[in-house]
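Undergrad: I am attaching a structure below and will ask some questions about it afterwards.
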There are 2 protein chains.
Amino acid sequence: MGWDEELNERKKAILRSIVDDYIHTALPVGSRTISRKHELGLSSATIRNEMADLEELGYIAQPHTSAGRIPSDKGYRFYVDNLVNIQDLANEEMQQIRKSMESKMGELGDLLKRATTLIASFTGYTTVAMTPHLEAYPVRTVQIVPVSPHRVLVVVVATGGIVNSRMVRLEGDLSEEDTQKLASFLSQKLSGKTVTELTVSLMAEAEKTLSLPDGVVIPVVECLRECIRRISHSEIVMEGMTNLFNFPEFNDLLKARDVMDLLREEDVLAALMQTVGKKANLEVRIGSENKLVPMRELSLVTTGYGNGQNQYGAIGVIGPTRMAYSRVISSIEYVRKLLDQEILRMMRE
Amino acid sequence: MGWDEELNERKKAILRSIVDDYIHTALPVGSRTISRKHELGLSSATIRNEMADLEELGYIAQPHTSAGRIPSDKGYRFYVDNLVNIQDLANEEMQQIRKSMESKMGELGDLLKRATTLIASFTGYTTVAMTPHLEAYPVRTVQIVPVSPHRVLVVVVATGGIVNSRMVRLEGDLSEEDTQKLASFLSQKLSGKTVTELTVSLMAEAEKTLSLPDGVVIPVVECLRECIRRISHSEIVMEGMTNLFNFPEFNDLLKARDVMDLLREEDVLAALMQTVGKKANLEVRIGSENKLVPMRELSLVTTGYGNGQNQYGAIGVIGPTRMAYSRVISSIEYVRKLLDQEILRMMRE
DNA sequence: GTTAGCACTCAACCACAGAGAGTGCTAACA
DNA sequence: TGTTAGCACTCTCTGTGGTTGAGTGCTAAC
């Protein structure tokens, strides 16, 4: 990318000024504004000339002839890659986040929820988080707890404090002893497995090996399958959805609806975040860089999180392309750091 | 209420026409429209006279001098109490609902979610449901499942298939045997209790009676408390939130925001629904009849549900005061009937 | 008691002018 | 040669005034 040569220092400074200004006014910014507000020691005329160049190169655009310039997606991209100054959060802010993240009896879900809420309130945008996949969490044990004569609670414990349980009704009776047998059989078969190997053959084997009463194995295994599905099915947490209404770009009710509809669809969000999950690093997708059509006017800042090895969920911030990238990046990075630590702690236990 | 005398048959017919018309056009309805569309055999002039009376009595109002009339809250109230024709759902519609509600391995949460989705899609409004209180579900047993050396899963089973479980980390060791002892102690103490009697004295008693290692009882009881809190804390399910955007009354972005903010607050919704929970019957709150300020321009149709005795949750439909009351009432009533049946079935097992 | 007719009201729509912000271009300047 | 002042030009935005049309209330006739 010959970008470094394409723009001299002065052009970079002007582009930065335009983006910075536009990010917090949402108004096209003119040459005079820049020459006054930002101390570049240049007259508006000079800046006009440079802006004409920047426009020709595609970094900025004019909504109409007599308006100032707004950054294009390419402009934002350059800004994010080369110009943005990432400032650490203020000390009190970091402290506030740390305090909120410290959990006494944390389960992963709670923790993520808190992290998401924090980022949403610190950035003022919509924040989404996804829990890790099943692959990240091999099954540790399966327990079966008798509840009433014909009902048992199936509990699946995976590594990392992940638990899911579900009640199931049995067709036949199940003695205390048989319960035990079935549970340890299933535990043994599934322990360490990360993939759902709950095939028909497993059921057949269970029925043959254990000689249990009819109408017991199938419901239990079905239930187990559902539990594992729930663990593996990445859960989506979202906070600050209505934050987007604060921005003038969504004053148009039609656009607002589109975005709302997008955010309402958990599947879509999940798909969106899944593409991130594998990578740990911070990623910024600006406007048209997004594949999803309704996201074309939005930016998405994401990062994976996890224990530093292979298990990753993802967090993302969604806002207008005119996004306070600096603030978003520093917030999300800091929260992610703490999140990683907490998870590591939880896994170790 | 001298309403029956206040309005003669003709006035009632005209009021009904106005409400019916306004409900599906959202446009102020004029005298000519009524004399043409609805077959009352009256000229527009006559209707104008009657409308002047209805306005004086407060049933309808004029947005401005040269506009038609729109119903007032009082008008809607009269309509709902005296004029609305509740029509049963079509046979295919009922069948569709029945099919969706039939659950194979139903847990209450799933069932409610499905019911809510159904009503939202049948009415086109926002639908909210609340799970029943704890009082409805006495604790049956407490189970403690060992997971790893220092971690156990606490499971609370209440009547009616309600289960909640939560992982807790222990400070000290807990043998298999002690686990058993503690669980049966807690089960015994809490069984049948509907109120959380998890006082400090209980912990003290447990520690004295059972002579367990340090750092075990307190975390477990804390965890138990949390489980019970979760069961008792009415959960809110909502569907079709964005449906409201379809209505012109929310074209104003400011109003839309207000409503969104209202709906986002689970606590507020919970409070709203809780006032309904105790009563089983259908209730309609129109506009200003609502206590909550942001609800003053909305209507809320609610009904309790349960097993016919004392345990009630609630379902509600939220929409503009200009709501298709007939359709909403028939939908909600039908779903509630099925829901009651399902719950009764679940409780019996 | 009902209806036709008429004058009146008022929101909604449109056209148009003026203001203001910002530009591109030219010519002067360092 | 790069920078700047000046100027004509463009285009949005705002406010104003006139017109249209729906709907009303009132009066007088049926």
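Naming scheme: A, B, ... for chains in displayed order of the structure tokens; residues 1 onward per chain; ligands 1 onward as shown.
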Distance cut-off 7 Å, counting only C-alpha atoms (C1' of nucleotides) - which residues of chain A neighbour chain C? Return them as a list in words.
TA: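 Listing them in order of chain and number gives Gly30, Thr65, Ser66, Ala67 and Gly68 of chain A.
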Undergrad: Let's have the selection written as a PDB file, in the first residue's frame, with N, CA and C atoms.
TA:
ATOM      1  N   GLY A  30     -15.578  22.323   7.313  1.00  0.00           N
ATOM      2  CA  GLY A  30     -15.071  23.182   6.250  1.00  0.00           C
ATOM      3  C   GLY A  30     -13.640  23.626   6.514  1.00  0.00           C
ATOM      4  N   THR A  65     -22.049  20.461  -3.092  1.00  0.00           N
ATOM      5  CA  THR A  65     -21.016  21.427  -3.470  1.00  0.00           C
ATOM      6  C   THR A  65     -20.675  22.430  -2.375  1.00  0.00           C
ATOM      7  N   SER A  66     -21.691  22.964  -1.727  1.00  0.00           N
ATOM      8  CA  SER A  66     -21.392  24.053  -0.807  1.00  0.00           C
ATOM      9  C   SER A  66     -21.299  23.592   0.647  1.00  0.00           C
ATOM     10  N   ALA A  67     -20.974  22.359   0.832  1.00  0.00           N
ATOM     11  CA  ALA A  67     -20.835  21.866   2.211  1.00  0.00           C
ATOM     12  C   ALA A  67     -19.371  21.567   2.488  1.00  0.00           C
ATOM     13  N   GLY A  68     -19.045  21.352   3.721  1.00  0.00           N
ATOM     14  CA  GLY A  68     -17.690  20.940   4.089  1.00  0.00           C
ATOM     15  C   GLY A  68     -17.468  19.501   3.680  1.00  0.00           C
TER      16      GLY A  68
END
Undergrad: Can you give me chain A superposed onto chain B, least-squares on all Cα in order, written as a compact mmCIF listing (two decimals) with C-alpha atoms, in the first residue's frame?
TA:
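Heads up, here's the output in part_10.txt:
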# COMPACT_ATOMS: atom_id res chain seq x y z
CA MET A 1 -72.01 4.93 35.90
CA GLY A 2 -74.92 6.43 34.03
CA TRP A 3 -73.28 5.54 30.78
CA ASP A 4 -76.12 3.48 29.51
CA GLU A 5 -78.39 6.47 29.65
CA GLU A 6 -75.83 8.96 28.48
CA LEU A 7 -75.53 7.43 25.04
CA ASN A 8 -78.46 6.28 22.97
CA GLU A 9 -78.07 3.43 20.51
CA ARG A 10 -77.29 5.67 17.61
CA LYS A 11 -74.53 7.45 19.47
CA LYS A 12 -73.09 4.10 20.43
CA ALA A 13 -73.13 2.95 16.83
CA ILE A 14 -71.38 6.11 15.72
CA LEU A 15 -68.79 5.87 18.45
CA ARG A 16 -68.12 2.30 17.48
CA SER A 17 -67.69 3.32 13.87
CA ILE A 18 -65.26 6.04 14.81
CA VAL A 19 -63.17 3.76 16.97
CA ASP A 20 -63.19 0.91 14.48
CA ASP A 21 -62.18 3.21 11.69
CA TYR A 22 -59.53 5.04 13.60
CA ILE A 23 -58.04 1.81 14.85
CA HIS A 24 -57.04 0.77 11.44
CA THR A 25 -56.41 4.02 9.65
CA ALA A 26 -54.91 6.14 12.42
CA LEU A 27 -56.51 9.08 10.65
CA PRO A 28 -59.10 11.37 12.22
CA VAL A 29 -62.44 10.20 10.92
CA GLY A 30 -64.98 12.63 9.54
CA SER A 31 -68.75 12.54 9.34
CA ARG A 32 -68.81 11.81 5.63
CA THR A 33 -66.55 8.79 5.99
CA ILE A 34 -68.90 7.29 8.52
CA SER A 35 -72.04 7.91 6.54
CA ARG A 36 -70.43 6.28 3.52
CA LYS A 37 -68.48 3.36 4.93
CA HIS A 38 -70.70 2.24 7.74
CA GLU A 39 -74.28 1.51 6.89
CA LEU A 40 -76.14 3.55 9.43
CA GLY A 41 -78.54 5.10 6.91
CA LEU A 42 -77.77 8.56 8.12
CA SER A 43 -76.50 11.60 6.36
CA SER A 44 -73.21 13.19 7.26
CA ALA A 45 -75.04 16.18 8.71
CA THR A 46 -76.92 14.09 11.20
CA ILE A 47 -73.75 12.33 12.14
CA ARG A 48 -72.07 15.66 12.57
CA ASN A 49 -74.67 16.64 15.10
CA GLU A 50 -74.23 13.44 17.03
CA MET A 51 -70.49 13.80 16.89
CA ALA A 52 -70.75 17.25 18.39
CA ASP A 53 -72.63 15.69 21.29
CA LEU A 54 -70.10 12.89 21.66
CA GLU A 55 -67.34 15.43 21.74
CA GLU A 56 -69.08 17.47 24.39
CA LEU A 57 -69.46 14.32 26.48
CA GLY A 58 -65.75 13.65 26.12
CA TYR A 59 -65.80 10.43 24.13
CA ILE A 60 -64.09 11.89 21.10
CA ALA A 61 -61.92 14.85 20.32
CA GLN A 62 -60.75 16.97 17.44
CA PRO A 63 -57.03 17.43 16.81
CA HIS A 64 -57.94 20.76 15.18
CA THR A 65 -61.05 22.54 13.93
CA SER A 66 -61.05 21.25 10.40
CA ALA A 67 -60.14 17.66 11.12
CA GLY A 68 -62.28 14.63 11.84
CA ARG A 69 -62.61 13.15 15.30
CA ILE A 70 -60.41 10.71 17.16
CA PRO A 71 -61.50 8.69 20.18
CA SER A 72 -60.44 9.93 23.59
CA ASP A 73 -59.30 7.55 26.32
CA LYS A 74 -62.83 7.72 27.68
CA GLY A 75 -64.09 6.75 24.23
CA TYR A 76 -61.82 3.75 24.07
CA ARG A 77 -62.84 2.78 27.57
CA PHE A 78 -66.51 2.80 26.61
CA TYR A 79 -65.69 0.92 23.44
CA VAL A 80 -63.82 -1.78 25.32
CA ASP A 81 -66.46 -2.10 28.02
CA ASN A 82 -69.58 -1.93 25.90
CA LEU A 83 -69.02 -1.97 22.19
CA VAL A 84 -66.21 -4.22 21.11
CA ASN A 85 -67.14 -7.45 19.38
CA ILE A 86 -64.73 -10.11 20.46
CA GLN A 87 -64.50 -12.63 17.67
CA ASP A 88 -62.91 -15.96 18.16
CA LEU A 89 -59.75 -16.57 16.23
CA ALA A 90 -60.12 -18.41 12.98
CA ASN A 91 -59.89 -22.17 13.22
CA GLU A 92 -56.58 -22.38 11.40
CA GLU A 93 -55.19 -19.71 13.67
CA MET A 94 -56.20 -21.60 16.78
CA GLN A 95 -54.71 -24.72 15.35
CA GLN A 96 -51.46 -22.96 14.62
CA ILE A 97 -51.26 -21.69 18.16
CA ARG A 98 -52.08 -25.09 19.63
CA LYS A 99 -49.38 -26.69 17.56
CA SER A 100 -46.76 -24.23 18.68
CA MET A 101 -47.71 -24.51 22.31
CA GLU A 102 -47.61 -28.25 22.53
CA SER A 103 -44.23 -28.93 23.98
CA LYS A 104 -42.52 -32.23 24.18
CA MET A 105 -40.17 -31.58 27.02
CA GLY A 106 -41.42 -28.27 28.15
CA GLU A 107 -39.86 -26.14 30.77
CA LEU A 108 -41.86 -23.18 31.89
CA GLY A 109 -39.43 -20.67 30.47
CA ASP A 110 -39.55 -22.14 27.00
CA LEU A 111 -43.28 -22.35 27.10
CA LEU A 112 -43.70 -18.74 28.07
CA LYS A 113 -41.27 -17.64 25.43
CA ARG A 114 -43.26 -19.44 22.81
CA ALA A 115 -46.54 -18.02 24.08
CA THR A 116 -45.14 -14.53 23.99
CA THR A 117 -43.80 -14.91 20.49
CA LEU A 118 -47.14 -16.22 19.33
CA ILE A 119 -49.11 -13.34 20.70
CA ALA A 120 -46.65 -10.82 19.34
CA SER A 121 -46.93 -12.27 15.87
CA PHE A 122 -50.68 -12.64 15.99
CA THR A 123 -51.40 -9.15 17.20
CA GLY A 124 -48.48 -7.22 15.77
CA TYR A 125 -47.84 -5.49 19.07
CA THR A 126 -45.20 -5.84 21.73
CA THR A 127 -45.81 -8.68 24.12
CA VAL A 128 -44.40 -9.15 27.59
CA ALA A 129 -44.66 -12.06 29.96
CA MET A 130 -43.62 -12.51 33.53
CA THR A 131 -42.83 -15.79 35.23
CA PRO A 132 -44.61 -16.48 38.51
CA HIS A 133 -43.22 -15.49 41.89
CA LEU A 134 -41.52 -17.73 44.32
CA GLU A 135 -44.58 -17.85 46.52
CA ALA A 136 -46.08 -19.92 43.80
CA TYR A 137 -43.37 -22.52 43.93
CA PRO A 138 -42.42 -24.02 47.27
CA VAL A 139 -38.99 -25.57 47.39
CA ARG A 140 -39.09 -29.31 47.03
CA THR A 141 -35.50 -30.44 47.42
CA VAL A 142 -31.99 -29.19 47.45
CA GLN A 143 -29.25 -31.24 45.83
CA ILE A 144 -25.54 -30.78 45.88
CA VAL A 145 -23.54 -32.27 43.05
CA PRO A 146 -19.77 -32.54 43.41
CA VAL A 147 -18.02 -31.30 40.33
CA SER A 148 -14.37 -30.96 41.16
CA PRO A 149 -12.44 -31.12 44.43
CA HIS A 150 -13.31 -27.60 45.48
CA ARG A 151 -16.44 -26.99 43.51
CA VAL A 152 -20.01 -28.15 43.81
CA LEU A 153 -23.18 -27.50 41.91
CA VAL A 154 -26.09 -26.49 44.09
CA VAL A 155 -29.44 -27.44 42.63
CA VAL A 156 -32.76 -26.20 43.92
CA VAL A 157 -35.85 -28.00 42.75
CA ALA A 158 -39.17 -26.28 43.27
CA THR A 159 -42.60 -27.59 42.45
CA GLY A 160 -43.84 -27.20 38.94
CA GLY A 161 -40.67 -28.19 37.18
CA ILE A 162 -38.80 -25.12 38.24
CA VAL A 163 -35.13 -25.73 38.69
CA ASN A 164 -32.20 -23.49 39.27
CA SER A 165 -28.62 -24.40 39.72
CA ARG A 166 -25.42 -22.61 40.30
CA MET A 167 -21.80 -23.46 40.71
CA VAL A 168 -19.96 -22.49 43.83
CA ARG A 169 -16.36 -22.65 44.89
CA LEU A 170 -15.66 -23.89 48.39
CA GLU A 171 -12.91 -22.81 50.68
CA GLY A 172 -12.59 -26.19 52.32
CA ASP A 173 -12.90 -29.84 51.34
CA LEU A 174 -16.18 -31.65 51.31
CA SER A 175 -16.41 -35.41 51.30
CA GLU A 176 -19.04 -37.29 49.38
CA GLU A 177 -20.71 -38.18 52.63
CA ASP A 178 -20.72 -34.66 53.99
CA THR A 179 -22.18 -33.40 50.74
CA GLN A 180 -25.03 -35.77 51.21
CA LYS A 181 -25.54 -34.72 54.78
CA LEU A 182 -25.56 -31.04 53.99
CA ALA A 183 -27.96 -31.49 51.09
CA SER A 184 -30.49 -33.44 53.04
CA PHE A 185 -30.25 -31.05 55.95
CA LEU A 186 -31.00 -28.12 53.67
CA SER A 187 -33.71 -30.01 51.84
CA GLN A 188 -35.43 -30.81 55.06
CA LYS A 189 -35.19 -27.29 56.41
CA LEU A 190 -36.45 -25.67 53.26
CA SER A 191 -38.83 -28.19 51.85
CA GLY A 192 -42.30 -26.75 51.44
CA LYS A 193 -41.12 -23.31 52.38
CA THR A 194 -42.13 -20.66 49.97
CA VAL A 195 -40.30 -17.86 51.63
CA THR A 196 -36.57 -17.59 51.90
CA GLU A 197 -35.80 -18.53 55.44
CA LEU A 198 -32.10 -18.54 54.83
CA THR A 199 -31.15 -16.56 57.85
CA VAL A 200 -27.89 -16.46 59.65
CA SER A 201 -29.33 -18.71 62.27
CA LEU A 202 -29.82 -21.43 59.70
CA MET A 203 -26.18 -21.32 58.79
CA ALA A 204 -25.17 -21.41 62.40
CA GLU A 205 -27.44 -24.36 63.00
CA ALA A 206 -26.03 -26.20 60.01
CA GLU A 207 -22.49 -25.68 61.16
CA LYS A 208 -23.27 -26.82 64.68
CA THR A 209 -25.45 -29.79 63.85
CA LEU A 210 -23.41 -31.23 61.04
CA SER A 211 -19.90 -30.38 62.14
CA LEU A 212 -18.69 -29.80 58.62
CA PRO A 213 -15.31 -28.39 57.67
CA ASP A 214 -14.82 -24.64 57.64
CA GLY A 215 -15.54 -22.61 54.52
CA VAL A 216 -18.21 -24.92 53.23
CA VAL A 217 -21.54 -23.99 54.69
CA ILE A 218 -21.38 -20.29 54.04
CA PRO A 219 -20.58 -20.48 50.33
CA VAL A 220 -23.19 -23.16 49.78
CA VAL A 221 -25.90 -21.25 51.58
CA GLU A 222 -24.98 -18.05 49.78
CA CYS A 223 -25.24 -19.90 46.53
CA LEU A 224 -28.54 -21.40 47.54
CA ARG A 225 -29.84 -18.00 48.38
CA GLU A 226 -28.87 -16.80 44.93
CA CYS A 227 -30.63 -19.76 43.31
CA ILE A 228 -33.81 -19.07 45.17
CA ARG A 229 -33.53 -15.40 44.42
CA ARG A 230 -33.36 -16.26 40.76
CA ILE A 231 -36.39 -18.45 40.92
CA SER A 232 -38.34 -15.90 42.88
CA HIS A 233 -37.12 -12.97 40.86
CA SER A 234 -39.79 -12.82 38.23
CA GLU A 235 -38.24 -13.14 34.86
CA ILE A 236 -39.41 -10.98 32.02
CA VAL A 237 -39.77 -12.22 28.48
CA MET A 238 -40.44 -9.79 25.69
CA GLU A 239 -41.11 -10.21 22.02
CA GLY A 240 -41.97 -7.93 19.14
CA MET A 241 -40.45 -4.84 20.65
CA THR A 242 -39.78 -3.33 17.26
CA ASN A 243 -43.35 -3.96 16.19
CA LEU A 244 -44.23 -0.61 17.69
CA PHE A 245 -42.20 1.12 15.02
CA ASN A 246 -44.79 0.09 12.50
CA PHE A 247 -47.31 2.49 13.92
CA PRO A 248 -47.43 6.10 12.82
CA GLU A 249 -47.85 7.26 16.40
CA PHE A 250 -44.21 6.41 16.94
CA ASN A 251 -42.88 8.11 13.86
CA ASP A 252 -41.72 10.79 16.18
CA LEU A 253 -38.30 9.59 17.10
CA LEU A 254 -38.53 11.16 20.51
CA LYS A 255 -41.59 9.18 21.45
CA ALA A 256 -40.07 6.05 20.01
CA ARG A 257 -37.07 6.56 22.25
CA ASP A 258 -39.18 7.04 25.31
CA VAL A 259 -41.00 3.81 24.69
CA MET A 260 -37.82 1.94 23.93
CA ASP A 261 -36.25 3.17 27.11
CA LEU A 262 -39.31 2.08 29.01
CA LEU A 263 -39.28 -1.39 27.52
CA ARG A 264 -35.57 -1.78 28.06
CA GLU A 265 -35.92 -1.46 31.80
CA GLU A 266 -36.73 -4.91 33.02
CA ASP A 267 -37.43 -3.62 36.50
CA VAL A 268 -40.08 -1.27 35.27
CA LEU A 269 -41.76 -3.92 33.23
CA ALA A 270 -41.61 -6.28 36.14
CA ALA A 271 -43.26 -3.71 38.38
CA LEU A 272 -45.86 -3.11 35.73
CA MET A 273 -46.71 -6.74 35.41
CA GLN A 274 -46.53 -7.45 39.09
CA THR A 275 -49.59 -5.35 39.75
CA VAL A 276 -51.40 -7.71 37.44
CA GLY A 277 -49.97 -10.97 38.66
CA LYS A 278 -52.37 -11.43 41.52
CA LYS A 279 -55.50 -11.21 39.47
CA ALA A 280 -56.34 -13.84 36.96
CA ASN A 281 -58.71 -11.89 34.84
CA LEU A 282 -58.26 -9.87 31.74
CA GLU A 283 -57.59 -6.24 32.28
CA VAL A 284 -57.28 -3.33 29.89
CA ARG A 285 -55.54 -0.14 30.82
CA ILE A 286 -56.01 2.62 28.35
CA GLY A 287 -53.66 5.55 27.95
CA SER A 288 -54.00 7.84 30.93
CA GLU A 289 -55.31 5.01 33.06
CA ASN A 290 -51.72 3.87 33.31
CA LYS A 291 -49.79 5.19 36.23
CA LEU A 292 -46.42 5.16 34.53
CA VAL A 293 -45.91 8.40 32.67
CA PRO A 294 -44.35 7.01 29.50
CA MET A 295 -47.26 4.57 29.28
CA ARG A 296 -49.80 7.36 29.18
CA GLU A 297 -50.02 7.18 25.42
CA LEU A 298 -50.11 3.42 25.30
CA SER A 299 -52.58 0.74 26.16
CA LEU A 300 -51.81 -2.38 28.08
CA VAL A 301 -53.90 -5.52 27.92
CA THR A 302 -52.99 -8.03 30.57
CA THR A 303 -54.10 -11.30 32.00
CA GLY A 304 -52.80 -13.53 34.71
CA TYR A 305 -52.14 -17.19 34.11
CA GLY A 306 -51.48 -20.17 36.28
CA ASN A 307 -52.96 -23.37 37.54
CA GLY A 308 -56.27 -21.86 38.50
CA GLN A 309 -55.40 -21.57 42.16
CA ASN A 310 -52.96 -19.19 43.67
CA GLN A 311 -49.94 -19.10 41.42
CA TYR A 312 -49.99 -16.49 38.78
CA GLY A 313 -47.64 -14.95 36.34
CA ALA A 314 -48.87 -12.47 33.81
CA ILE A 315 -48.89 -11.76 30.11
CA GLY A 316 -49.41 -8.36 28.61
CA VAL A 317 -49.69 -6.73 25.24
CA ILE A 318 -48.47 -3.18 24.79
CA GLY A 319 -49.54 -1.00 21.89
CA PRO A 320 -50.88 2.41 21.02
CA THR A 321 -54.21 3.33 22.60
CA ARG A 322 -55.50 2.88 19.08
CA MET A 323 -55.16 -0.84 19.53
CA ALA A 324 -57.04 -3.65 17.84
CA TYR A 325 -58.58 -4.57 21.16
CA SER A 326 -60.77 -7.30 19.78
CA ARG A 327 -57.93 -9.18 18.18
CA VAL A 328 -55.62 -8.65 21.12
CA ILE A 329 -58.16 -9.88 23.62
CA SER A 330 -59.09 -12.99 21.69
CA SER A 331 -55.42 -13.85 21.06
CA ILE A 332 -54.28 -13.34 24.61
CA GLU A 333 -57.25 -15.19 26.05
CA TYR A 334 -56.75 -18.19 23.85
CA VAL A 335 -53.05 -18.44 24.48
CA ARG A 336 -53.63 -18.04 28.17
CA LYS A 337 -56.11 -20.88 28.18
CA LEU A 338 -53.60 -23.20 26.59
CA LEU A 339 -50.88 -21.97 28.88
CA ASP A 340 -52.99 -22.76 31.93
CA GLN A 341 -53.60 -26.26 30.65
CA GLU A 342 -49.94 -26.91 30.00
CA ILE A 343 -48.95 -25.63 33.42
CA LEU A 344 -51.56 -27.77 35.10
CA ARG A 345 -50.16 -30.72 33.23
CA MET A 346 -46.64 -29.88 34.27
CA MET A 347 -47.61 -29.46 37.91
CA ARG A 348 -49.41 -32.75 38.02
CA GLU A 349 -46.38 -34.76 37.04
Undergrad: Let's see if you can do this: from backbone DSSP, list all strand (DSSP E) residues in segment 61-286 of chain A, as a ChimeraX atom specification.
TA: /A:61,70-71,126-130,139-148,151-158,162-169,236-239,283-286
